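Everything below belongs to entry_21.csv, which stores CSV, C-alpha atoms and all ligand atoms.
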chain,number,residue,atom,x,y,z
A,12,MET,CA,-27.4,27.4,-7.3
A,13,THR,CA,-28.1,24.2,-5.3
A,14,THR,CA,-29.4,24.4,-1.8
A,15,LEU,CA,-29.2,21.5,0.6
A,16,VAL,CA,-31.4,21.4,3.6
A,17,PRO,CA,-30.2,18.9,6.2
A,18,ASP,CA,-31.5,18.4,9.7
A,19,LEU,CA,-28.2,19.9,11.0
A,20,ASP,CA,-24.7,21.1,10.1
A,21,LEU,CA,-21.7,19.9,12.1
A,22,ASP,CA,-18.2,21.4,11.9
A,23,ARG,CA,-15.4,22.6,14.1
A,24,ARG,CA,-17.7,25.1,15.8
A,25,GLY,CA,-20.4,22.5,16.7
A,26,VAL,CA,-23.9,21.8,15.6
A,27,GLN,CA,-26.2,24.2,13.9
A,28,ARG,CA,-29.9,23.2,13.3
A,29,GLY,CA,-32.3,24.7,10.8
A,30,VAL,CA,-29.8,26.0,8.3
A,31,ALA,CA,-29.6,25.5,4.6
A,32,VAL,CA,-26.4,25.3,2.6
A,33,SER,CA,-26.4,27.0,-0.8
A,34,MET,CA,-23.6,26.2,-3.3
A,35,GLN,CA,-22.7,27.8,-6.6
A,36,ASP,CA,-19.6,27.6,-8.9
A,37,GLY,CA,-17.9,25.2,-6.6
A,38,HIS,CA,-18.2,27.2,-3.4
A,39,ILE,CA,-20.6,27.6,-0.5
A,40,VAL,CA,-22.3,30.9,-1.1
A,41,ALA,CA,-24.8,31.1,1.8
A,42,VAL,CA,-25.5,29.2,5.1
A,43,GLY,CA,-28.7,30.3,6.8
A,44,PRO,CA,-32.5,30.0,6.6
A,45,PRO,CA,-33.7,28.1,3.4
A,46,PRO,CA,-34.4,30.5,0.5
A,47,GLU,CA,-38.1,31.0,-0.2
A,48,HIS,CA,-38.1,31.1,-3.9
A,49,ALA,CA,-35.3,28.8,-5.0
A,50,PRO,CA,-35.4,25.1,-5.4
A,51,ILE,CA,-34.1,23.1,-2.4
A,52,GLU,CA,-32.9,19.6,-1.9
A,53,GLU,CA,-34.2,18.3,1.4
A,54,LEU,CA,-32.0,15.9,3.3
A,55,PRO,CA,-34.3,14.5,6.0
A,56,GLY,CA,-32.5,12.6,8.8
A,57,LEU,CA,-29.1,13.7,7.5
A,58,ALA,CA,-26.3,15.9,8.9
A,59,LEU,CA,-23.8,17.8,6.7
A,60,VAL,CA,-20.1,18.0,7.7
A,61,PRO,CA,-17.1,19.4,5.8
A,62,GLY,CA,-15.3,17.0,3.5
A,63,PHE,CA,-12.3,15.2,5.1
A,64,TRP,CA,-8.7,16.0,3.8
A,65,ASN,CA,-6.5,13.0,3.0
A,66,ASN,CA,-3.0,14.4,3.1
A,67,HIS,CA,-1.0,11.3,2.3
A,68,CYS,CA,-2.0,8.5,-0.1
A,69,HIS,CA,-0.4,5.9,-2.3
A,70,ALA,CA,-3.4,4.7,-4.3
A,71,PHE,CA,-1.7,1.7,-5.9
A,72,GLN,CA,-0.9,0.2,-2.5
A,73,ARG,CA,-4.6,-0.6,-2.2
A,74,ASP,CA,-3.9,-3.7,-4.3
A,75,LEU,CA,-1.7,-5.1,-1.5
A,76,ARG,CA,-4.8,-5.7,0.7
A,77,GLY,CA,-4.8,-9.1,2.3
A,78,ARG,CA,-1.6,-10.2,0.5
A,79,THR,CA,1.0,-9.4,3.1
A,80,GLU,CA,-0.8,-9.7,6.4
A,81,GLN,CA,0.3,-13.3,7.2
A,82,ALA,CA,3.7,-13.1,5.7
A,83,GLY,CA,5.6,-12.2,8.9
A,84,GLY,CA,8.6,-9.9,8.7
A,85,ASP,CA,8.6,-6.2,9.2
A,86,PHE,CA,8.3,-2.9,7.4
A,87,TRP,CA,11.3,-3.8,5.1
A,88,SER,CA,9.9,-7.1,4.0
A,89,TRP,CA,6.5,-5.5,3.4
A,90,ARG,CA,8.4,-2.9,1.3
A,91,ALA,CA,9.8,-5.8,-0.9
A,92,ALA,CA,6.3,-7.0,-1.6
A,93,MET,CA,5.2,-3.5,-2.4
A,94,TYR,CA,8.1,-3.1,-4.8
A,95,GLU,CA,7.0,-6.3,-6.6
A,96,LEU,CA,3.5,-4.8,-7.1
A,97,ALA,CA,5.0,-1.4,-8.1
A,98,ALA,CA,7.1,-3.1,-10.8
A,99,ARG,CA,4.1,-4.5,-12.6
A,100,LEU,CA,1.8,-1.4,-13.1
A,101,GLU,CA,1.4,0.5,-16.3
A,102,PRO,CA,-0.5,3.7,-17.1
A,103,ASP,CA,-3.8,1.8,-17.7
A,104,SER,CA,-3.5,-0.4,-14.6
A,105,VAL,CA,-2.4,2.4,-12.3
A,106,HIS,CA,-5.4,4.4,-13.6
A,107,ASP,CA,-7.6,1.4,-12.7
A,108,VAL,CA,-6.3,0.9,-9.2
A,109,ALA,CA,-6.3,4.7,-8.5
A,110,ARG,CA,-9.9,5.0,-9.6
A,111,ARG,CA,-10.9,2.1,-7.3
A,112,CYS,CA,-9.1,3.8,-4.5
A,113,TYR,CA,-10.6,7.2,-5.0
A,114,ARG,CA,-14.1,5.8,-5.3
A,115,GLU,CA,-13.5,4.3,-1.9
A,116,LEU,CA,-12.1,7.6,-0.6
A,117,VAL,CA,-15.2,9.7,-1.6
A,118,ALA,CA,-17.5,7.0,-0.1
A,119,ALA,CA,-15.5,7.4,3.1
A,120,GLY,CA,-16.0,11.2,3.2
A,121,TYR,CA,-12.6,12.3,1.8
A,122,THR,CA,-13.0,15.1,-0.7
A,123,ALA,CA,-9.3,15.9,-1.3
A,124,VAL,CA,-6.3,13.7,-1.6
A,125,SER,CA,-2.6,14.4,-1.6
A,126,GLU,CA,-1.3,11.6,-3.8
A,127,PHE,CA,2.4,10.8,-3.1
A,128,HIS,CA,3.2,9.4,-6.5
A,129,TYR,CA,6.5,7.7,-7.3
A,130,LEU,CA,5.6,5.2,-10.1
A,131,HIS,CA,7.2,7.3,-12.9
A,132,HIS,CA,9.0,5.3,-15.6
A,133,ARG,CA,8.9,2.0,-17.4
A,134,SER,CA,9.8,-1.0,-15.1
A,135,THR,CA,13.2,-0.9,-16.9
A,136,GLY,CA,13.7,2.6,-15.7
A,137,LEU,CA,13.4,4.1,-19.2
A,138,PRO,CA,10.9,7.0,-19.4
A,139,TYR,CA,7.6,6.6,-21.2
A,140,ALA,CA,7.1,8.7,-24.4
A,141,ASP,CA,5.4,11.1,-22.1
A,142,PRO,CA,7.6,11.1,-19.0
A,143,ASN,CA,4.6,12.0,-16.9
A,144,ALA,CA,2.3,9.4,-18.4
A,145,MET,CA,1.8,7.6,-15.0
A,146,ALA,CA,1.2,10.7,-13.0
A,147,LYS,CA,-1.4,11.9,-15.6
A,148,ALA,CA,-3.1,8.5,-15.5
A,149,VAL,CA,-3.5,9.0,-11.7
A,150,VAL,CA,-4.8,12.6,-12.0
A,151,GLU,CA,-7.3,11.4,-14.6
A,152,ALA,CA,-8.5,8.7,-12.3
A,153,ALA,CA,-9.2,11.4,-9.6
A,154,GLU,CA,-11.1,13.5,-12.2
A,155,ASP,CA,-13.2,10.4,-13.2
A,156,VAL,CA,-14.2,10.0,-9.6
A,157,GLY,CA,-14.5,13.8,-8.9
A,158,ILE,CA,-12.2,14.0,-6.0
A,159,ARG,CA,-9.7,17.0,-5.6
A,160,ILE,CA,-6.1,15.9,-6.1
A,161,THR,CA,-2.7,17.3,-5.3
A,162,LEU,CA,-0.3,15.1,-7.3
A,163,LEU,CA,2.9,15.2,-5.2
A,164,LEU,CA,5.4,14.2,-7.8
A,165,VAL,CA,8.1,12.2,-5.9
A,166,ALA,CA,11.8,12.9,-6.3
A,167,TYR,CA,13.8,9.7,-5.9
A,168,GLU,CA,17.6,9.8,-6.3
A,169,ARG,CA,18.9,6.5,-5.1
A,170,ASP,CA,17.8,3.0,-4.0
A,171,GLY,CA,14.2,1.9,-4.4
A,172,HIS,CA,13.1,0.6,-7.9
A,173,ALA,CA,14.5,1.8,-11.2
A,174,ARG,CA,11.1,3.2,-12.2
A,175,PHE,CA,11.0,5.5,-9.2
A,176,ARG,CA,14.3,7.3,-10.1
A,177,ASP,CA,15.2,10.3,-12.2
A,178,PRO,CA,18.8,10.6,-13.4
A,179,ASP,CA,19.3,14.0,-11.8
A,180,VAL,CA,17.3,16.7,-9.9
A,181,ALA,CA,17.1,19.0,-13.0
A,182,THR,CA,15.3,16.3,-14.9
A,183,TYR,CA,12.9,15.8,-12.0
A,184,LEU,CA,12.2,19.5,-11.7
A,185,ASP,CA,11.6,19.7,-15.5
A,186,ARG,CA,9.0,16.9,-15.2
A,187,LEU,CA,7.3,18.7,-12.3
A,188,GLU,CA,7.2,21.9,-14.3
A,189,ALA,CA,5.6,20.1,-17.3
A,190,LEU,CA,3.0,18.5,-15.0
A,191,SER,CA,2.3,21.8,-13.3
A,192,ASP,CA,1.6,23.3,-16.8
A,193,TRP,CA,-0.6,20.4,-17.7
A,194,VAL,CA,-2.9,20.7,-14.6
A,195,GLU,CA,-3.3,24.5,-15.0
A,196,ASP,CA,-6.7,24.2,-16.7
A,197,ARG,CA,-7.9,21.2,-14.6
A,198,PRO,CA,-10.0,22.7,-11.8
A,199,LEU,CA,-9.7,19.8,-9.3
A,200,ALA,CA,-6.0,19.1,-9.8
A,201,ASP,CA,-2.9,20.6,-8.4
A,202,VAL,CA,0.7,19.5,-8.1
A,203,GLY,CA,3.4,19.6,-5.4
A,204,ALA,CA,7.0,18.5,-4.8
A,205,ALA,CA,7.9,15.4,-2.7
A,206,PRO,CA,11.4,14.3,-2.0
A,207,HIS,CA,10.6,10.7,-1.0
A,208,SER,CA,12.7,10.6,2.2
A,209,VAL,CA,16.2,11.3,3.4
A,210,ARG,CA,16.9,7.7,2.6
A,211,ALA,CA,16.0,8.1,-1.1
A,212,VAL,CA,17.2,11.7,-1.6
A,213,GLY,CA,20.5,13.3,-0.7
A,214,ARG,CA,21.4,16.8,0.4
A,215,GLU,CA,22.0,18.3,-3.0
A,216,TRP,CA,18.6,17.2,-4.3
A,217,LEU,CA,16.9,18.5,-1.1
A,218,GLU,CA,18.5,21.9,-1.5
A,219,ALA,CA,17.5,22.1,-5.1
A,220,ILE,CA,13.9,21.2,-4.3
A,221,ALA,CA,13.8,23.7,-1.4
A,222,LYS,CA,14.9,26.5,-3.8
A,223,SER,CA,12.4,25.5,-6.6
A,224,PRO,CA,9.1,27.3,-6.8
A,225,PHE,CA,7.0,24.2,-6.4
A,226,THR,CA,4.7,24.0,-3.4
A,227,PRO,CA,3.4,22.3,-1.3
A,228,VAL,CA,6.2,20.0,-0.3
A,229,SER,CA,5.7,16.6,1.4
A,230,ILE,CA,8.3,14.1,2.7
A,231,HIS,CA,8.3,10.8,4.6
A,232,VAL,CA,10.3,11.4,7.8
A,233,ASP,CA,11.3,9.3,10.9
A,234,GLU,CA,9.0,6.4,9.9
A,235,GLN,CA,11.6,3.7,11.0
A,236,PRO,CA,14.5,3.9,13.5
A,237,ARG,CA,16.9,2.7,10.8
A,238,GLU,CA,16.4,5.8,8.7
A,239,ILE,CA,17.4,8.0,11.6
A,240,GLU,CA,20.6,5.9,12.2
A,241,GLU,CA,21.5,6.2,8.6
A,242,CYS,CA,20.8,9.9,8.5
A,243,ILE,CA,23.1,10.5,11.5
A,244,ALA,CA,25.8,8.4,9.9
A,245,GLU,CA,25.6,10.3,6.5
A,246,HIS,CA,24.8,13.8,7.7
A,247,GLY,CA,25.6,14.0,11.4
A,248,CYS,CA,22.1,14.9,12.3
A,249,ARG,CA,18.6,13.6,12.5
A,250,PRO,CA,16.2,13.8,9.5
A,251,ILE,CA,14.1,16.8,10.6
A,252,GLU,CA,17.3,18.7,11.5
A,253,LEU,CA,18.5,18.0,8.0
A,254,LEU,CA,15.3,19.4,6.6
A,255,ASP,CA,15.8,22.5,8.7
A,256,ARG,CA,19.4,22.9,7.4
A,257,VAL,CA,18.4,22.6,3.7
A,258,GLY,CA,15.5,25.1,4.0
A,259,LEU,CA,12.7,22.5,3.9
A,260,LEU,CA,10.9,23.4,7.0
A,261,ARG,CA,8.3,26.0,6.1
A,262,PRO,CA,4.5,26.5,6.4
A,263,ASP,CA,3.9,24.8,3.1
A,264,VAL,CA,5.7,21.6,4.1
A,265,GLY,CA,4.1,18.4,5.4
A,266,VAL,CA,6.2,16.0,7.4
A,267,VAL,CA,4.7,12.5,7.0
A,268,HIS,CA,4.7,10.1,9.9
A,269,ALA,CA,7.3,11.5,12.4
A,270,THR,CA,6.7,8.3,14.3
A,271,HIS,CA,10.2,8.2,15.8
A,272,ALA,CA,10.9,12.0,15.9
A,273,ASP,CA,12.3,13.3,19.1
A,274,GLY,CA,11.1,16.4,21.0
A,275,ALA,CA,13.7,18.7,19.5
A,276,GLU,CA,12.8,17.7,15.9
A,277,LEU,CA,9.0,18.3,16.6
A,278,ALA,CA,9.9,21.7,18.1
A,279,LEU,CA,11.6,22.6,14.8
A,280,VAL,CA,8.6,21.5,12.8
A,281,ALA,CA,6.2,23.5,15.0
A,282,ALA,CA,8.4,26.6,15.0
A,283,ALA,CA,8.5,26.5,11.2
A,284,GLY,CA,4.7,26.2,10.9
A,285,SER,CA,5.0,22.9,9.0
A,286,ASN,CA,2.4,20.2,9.6
A,287,VAL,CA,2.8,16.6,10.6
A,288,CYS,CA,0.7,14.1,8.7
A,289,VAL,CA,0.0,11.0,10.8
A,290,CYS,CA,-1.3,7.8,9.2
A,291,PRO,CA,-2.2,5.7,12.2
A,292,THR,CA,-3.9,2.7,10.5
A,293,THR,CA,-1.0,2.3,8.1
A,294,GLU,CA,1.6,2.9,10.8
A,295,ALA,CA,0.0,0.1,12.8
A,296,ASP,CA,-0.3,-2.2,9.8
A,297,LEU,CA,3.4,-1.7,8.9
A,298,ALA,CA,4.6,-2.1,12.5
A,299,ASP,CA,6.1,1.5,12.3
A,300,GLY,CA,5.0,2.3,15.8
A,301,PRO,CA,2.3,4.2,17.7
A,302,VAL,CA,1.5,7.8,17.0
A,303,PRO,CA,3.7,9.9,19.4
A,304,THR,CA,0.6,11.8,20.5
A,305,GLU,CA,1.9,13.4,23.7
A,306,ALA,CA,5.1,14.7,22.1
A,307,LEU,CA,3.1,16.0,19.1
A,308,LEU,CA,0.7,17.8,21.4
A,309,GLU,CA,3.5,19.2,23.5
A,310,SER,CA,5.2,20.6,20.5
A,311,GLY,CA,2.0,22.4,19.4
A,312,VAL,CA,2.5,21.3,15.8
A,313,ASP,CA,-0.5,21.2,13.3
A,314,LEU,CA,-1.7,17.7,12.5
A,315,THR,CA,-3.2,16.3,9.3
A,316,ILE,CA,-4.2,12.7,8.5
A,317,GLY,CA,-3.5,10.3,5.6
A,318,SER,CA,-4.9,7.0,4.4
A,319,ASP,CA,-1.3,6.2,3.2
A,320,SER,CA,-1.2,2.5,2.1
A,321,ASN,CA,-5.1,2.3,2.1
A,322,VAL,CA,-5.1,-0.9,4.1
A,323,VAL,CA,-8.1,0.9,5.7
A,324,VAL,CA,-10.0,3.8,4.3
A,325,ASP,CA,-11.7,5.5,7.2
A,326,PRO,CA,-10.9,9.1,8.3
A,327,LEU,CA,-12.7,8.5,11.6
A,328,ALA,CA,-10.4,5.6,12.5
A,329,GLU,CA,-7.3,7.7,11.7
A,330,LEU,CA,-8.6,10.5,14.0
A,331,ARG,CA,-9.6,8.3,16.9
A,332,GLU,CA,-6.3,6.4,16.8
A,333,ILE,CA,-4.4,9.7,17.5
A,334,GLU,CA,-6.2,9.7,20.9
A,335,LEU,CA,-6.2,6.0,21.5
A,336,SER,CA,-2.4,5.7,21.0
A,337,ALA,CA,-2.1,8.2,23.9
A,338,ARG,CA,-4.6,6.3,26.0
A,339,ARG,CA,-2.8,3.0,25.6
A,340,ALA,CA,0.5,4.7,26.4
A,341,THR,CA,-0.6,6.8,29.4
A,342,GLY,CA,-3.5,5.1,31.1
A,343,ARG,CA,-5.4,8.4,30.7
A,344,ARG,CA,-8.4,9.4,28.6
A,345,GLY,CA,-9.2,12.6,26.8
A,346,VAL,CA,-5.5,13.4,26.1
A,347,VAL,CA,-6.1,15.2,22.8
A,348,PRO,CA,-8.7,18.0,22.8
A,349,LEU,CA,-11.4,17.2,20.3
A,350,THR,CA,-10.7,20.5,18.5
A,351,VAL,CA,-7.2,19.2,17.6
A,352,LEU,CA,-8.7,16.1,16.0
A,353,LEU,CA,-11.4,18.1,14.1
A,354,ASP,CA,-8.7,20.6,12.9
A,355,ALA,CA,-6.7,17.6,11.6
A,356,ALA,CA,-9.8,16.4,9.7
A,357,TRP,CA,-11.3,19.5,8.3
A,358,PRO,CA,-9.4,22.4,6.8
A,359,PHE,CA,-12.5,24.6,6.7
A,360,ASP,CA,-16.0,24.9,8.2
A,361,VAL,CA,-19.5,24.9,6.6
A,362,THR,CA,-19.4,28.7,5.9
A,363,ALA,CA,-19.9,31.0,2.9
A,364,GLY,CA,-16.8,31.2,0.9
A,365,ALA,CA,-15.5,27.7,1.7
A,366,PRO,CA,-15.2,25.1,-1.0
A,367,ALA,CA,-18.5,23.2,-1.5
A,368,ASP,CA,-16.9,20.0,-0.3
A,369,LEU,CA,-19.4,18.3,1.9
A,370,VAL,CA,-20.4,14.9,3.4
A,371,ALA,CA,-23.9,13.8,4.5
A,372,PHE,CA,-24.3,11.3,7.3
A,373,ASP,CA,-27.3,9.4,8.5
A,374,LEU,CA,-28.3,10.6,12.0
A,375,ASN,CA,-30.2,7.3,12.4
A,376,HIS,CA,-27.3,5.0,11.5
A,377,PRO,CA,-26.9,2.4,14.2
A,378,SER,CA,-23.4,3.6,15.0
A,379,ILE,CA,-24.5,7.1,16.0
A,380,ALA,CA,-28.3,7.1,16.5
A,381,GLY,CA,-29.4,8.7,19.8
A,382,ILE,CA,-26.4,10.9,20.4
A,383,ASP,CA,-27.2,14.4,21.7
A,384,ASP,CA,-26.1,17.4,19.6
A,385,ALA,CA,-23.5,18.5,22.2
A,386,ASP,CA,-21.8,15.1,21.9
A,387,LEU,CA,-22.3,14.5,18.2
A,388,ALA,CA,-18.7,15.5,17.1
A,389,ALA,CA,-17.1,13.2,19.6
A,390,GLY,CA,-19.7,10.5,18.9
A,391,LEU,CA,-18.9,10.6,15.2
A,392,VAL,CA,-15.1,10.5,15.8
A,393,PHE,CA,-15.1,7.8,18.4
A,394,SER,CA,-18.1,5.6,17.4
A,395,GLY,CA,-19.0,6.5,13.8
A,396,THR,CA,-18.2,4.7,10.7
A,397,PRO,CA,-18.1,5.7,7.0
A,398,ALA,CA,-21.0,3.3,6.5
A,399,ALA,CA,-23.1,6.1,8.0
A,400,PHE,CA,-22.0,8.5,5.1
A,401,THR,CA,-24.7,8.7,2.5
A,402,ALA,CA,-23.5,11.3,0.1
A,403,THR,CA,-20.4,13.3,-0.8
A,404,TRP,CA,-20.1,16.6,-2.8
A,405,VAL,CA,-16.9,18.0,-4.2
A,406,ALA,CA,-16.9,21.6,-5.6
A,407,GLY,CA,-20.8,21.4,-5.3
A,408,ARG,CA,-21.0,18.2,-7.5
A,409,ARG,CA,-22.4,15.0,-5.9
A,410,VAL,CA,-19.6,12.4,-6.4
A,411,PHE,CA,-21.0,9.7,-4.2
A,412,GLY,CA,-24.5,8.7,-3.0
A,413,ARG,CA,-26.4,5.8,-1.7
A,501,ZN,ZN,3.8,7.1,2.4
Could you quickly redo this structure as structure tokens?
Amino acid sequence: MTTLVPDLDLDRRGVQRGVAVSMQDGHIVAVGPPPEHAPIEELPGLALVPGFWNNHCHAFQRDLRGRTEQAGGDFWSWRAAMYELAARLEPDSVHDVARRCYRELVAAGYTAVSEFHYLHHRSTGLPYADPNAMAKAVVEAAEDVGIRITLLLVAYERDGHARFRDPDVATYLDRLEALSDWVEDRPLADVGAAPHSVRAVGREWLEAIAKSPFTPVSIHVDEQPREIEECIAEHGCRPIELLDRVGLLRPDVGVVHATHADGAELALVAAAGSNVCVCPTTEADLADGPVPTEALLESGVDLTIGSDSNVVVDPLAELREIELSARRATGRRGVVPLTVLLDAAWPFDVTAGAPADLVAFDLNHPSIAGIDDADLAAGLVFSGTPAAFTATWVAGRRVFGR
């Protein structure tokens, strides 16, 4: 058993001082007064918070940093540059960039990542000897770093690059089943299904994936207006209405972006208990549009956050931008209750039974020094920086420290 004794714990319930956090076999087993006869690790001047959940990530896109910012154009021209990068990667180079990305994620306080992975086959489109070689290279990078990973194996039927596509949905589901078997004895790894978007996947594939046993499911939706126009032309309805018709709105489904979703679509997502994953730093970088914060709040949908293209890796920036989008649009402050932001960041509190996924931050860091306990959560979200994070534990193991 390992027992951490920080100055304070902070989670969705607020600040608790004078408590120690004991961890064993990957879980928190006790939170309370420090044990008298067990070894403890004192963390003077530090606070402990739950690990942040990164629910949408394309690790390889980290290698686009700086390269497209001055090129002009729009989302579609950025995508052309991204495809050029995607065409060049091989299992060893995708492992390398994923490891660099995940090292940065744990240093920024993320302890779990949902990796939306579509670099499947050789650049010619032919499969590798092991058709899941690329996905396995990414999972192994996560294991090297020690971050939890849900490898969302992407289904890609049409358009895009040849290496993204499988010839039919049965072949895709076979690959997913093989990958699911492969991760079974890997404690930090899990898999899920991910139809890329209604642009890249037609109705038959969506229905087959909805009927398959694989969960969770994640899909890009309503990121750009053109996708909505094309969906209406092809299916006679908007993208989220299509998901509803094919059985892909359920509690285990994450809808990524929803930047241009209308109120009726968001009401469907909320009624189904699906979540919306917003990625504000990427959505700003790609000129997708602001987070539709007021409409999301009105619908009552659950929110999650993602680092997406990894142009910035900073969960605090993603969270504060949900509120700041609304402030810019409305001229009002405090639009989003802080509890909504903390729920989007943290799937659990620092309590017995929760995974031992924790982050320490320096209460004396210049960005947050001098903030009262009652204001600390808001101070962290609106003024904090990952530079204040000094250590990260995943399943009780220290995976980052400075
Ligand atoms: Zn994405």
Next on the checklist: Distance limit 8 Å, reference ligand ZN 501 (chain A), atoms considered: only C-alpha atoms and all ligand atoms. Which residues make the cut? Give them as a list in words.
Outcome noted: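 Residues satisfying the distance criterion: His67, Cys68, His69, Phe127, His231, Val267, Asp319 and Ser320 of chain A.
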Next on the checklist: Give me the residues near region 272-288 of chain A as a list in words, where near means some atom within 6 Å (using only C-alpha atoms) and where sequence neighbours in that chain fewer than 5 positions away do not count.
Outcome noted: Asp233, Ile251, Leu260, Arg261, Pro262, Val264, Gly265, Val266, Val267, Ser310, Val312, Asp313, Leu314, Thr315 and Ile316 of chain A
Checklist entry - What gap, in Å, lies between CA of Asp201 (chain A) and CA of Thr161 (chain A)? => result 4.5 Å
Next on the checklist: To one decimal place in Å, what is the distance between CA of Arg339 (chain A) and CA of Val392 (chain A)?
Outcome noted: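 Computed distance, CA of Arg339 (chain A) to CA of Val392 (chain A), equals 17.4 Å.
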Checklist entry - Could you work out how far CA of Arg413 (chain A) lies from CA of Ala385 (chain A), giving the answer in Å with one decimal? => result 27.2 Å
Next on the checklist: Taking all atoms listed in the file into account, name the residue in A:Phe225, A:Tyr94, A:Phe71, A:Trp216 that is nearest to Ala173 (chain A).
Outcome noted: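 Checking each of A:Phe225, A:Tyr94, A:Phe71, A:Trp216 against Ala173 (chain A), counting all atoms listed in the file, the winner is A:Tyr94.
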Next on the checklist: Every residue with an atom at most 9 Å from (-1.8, 4.8, -12.9) (file coordinates; all atoms listed in the file) is what I'm after, so could you write them as a ChimeraX atom specification?
Outcome noted: /A:70-71,100-110,130,144-152
Item to check | Selection: 8 Å around region 52-62 of chain A, all atoms listed in the file, excl. self and same-chain fewer than 3 positions, as a PyMOL selection string | outcome: chain A and resi 13-22+120-123+357+359-361+368-375+403-405
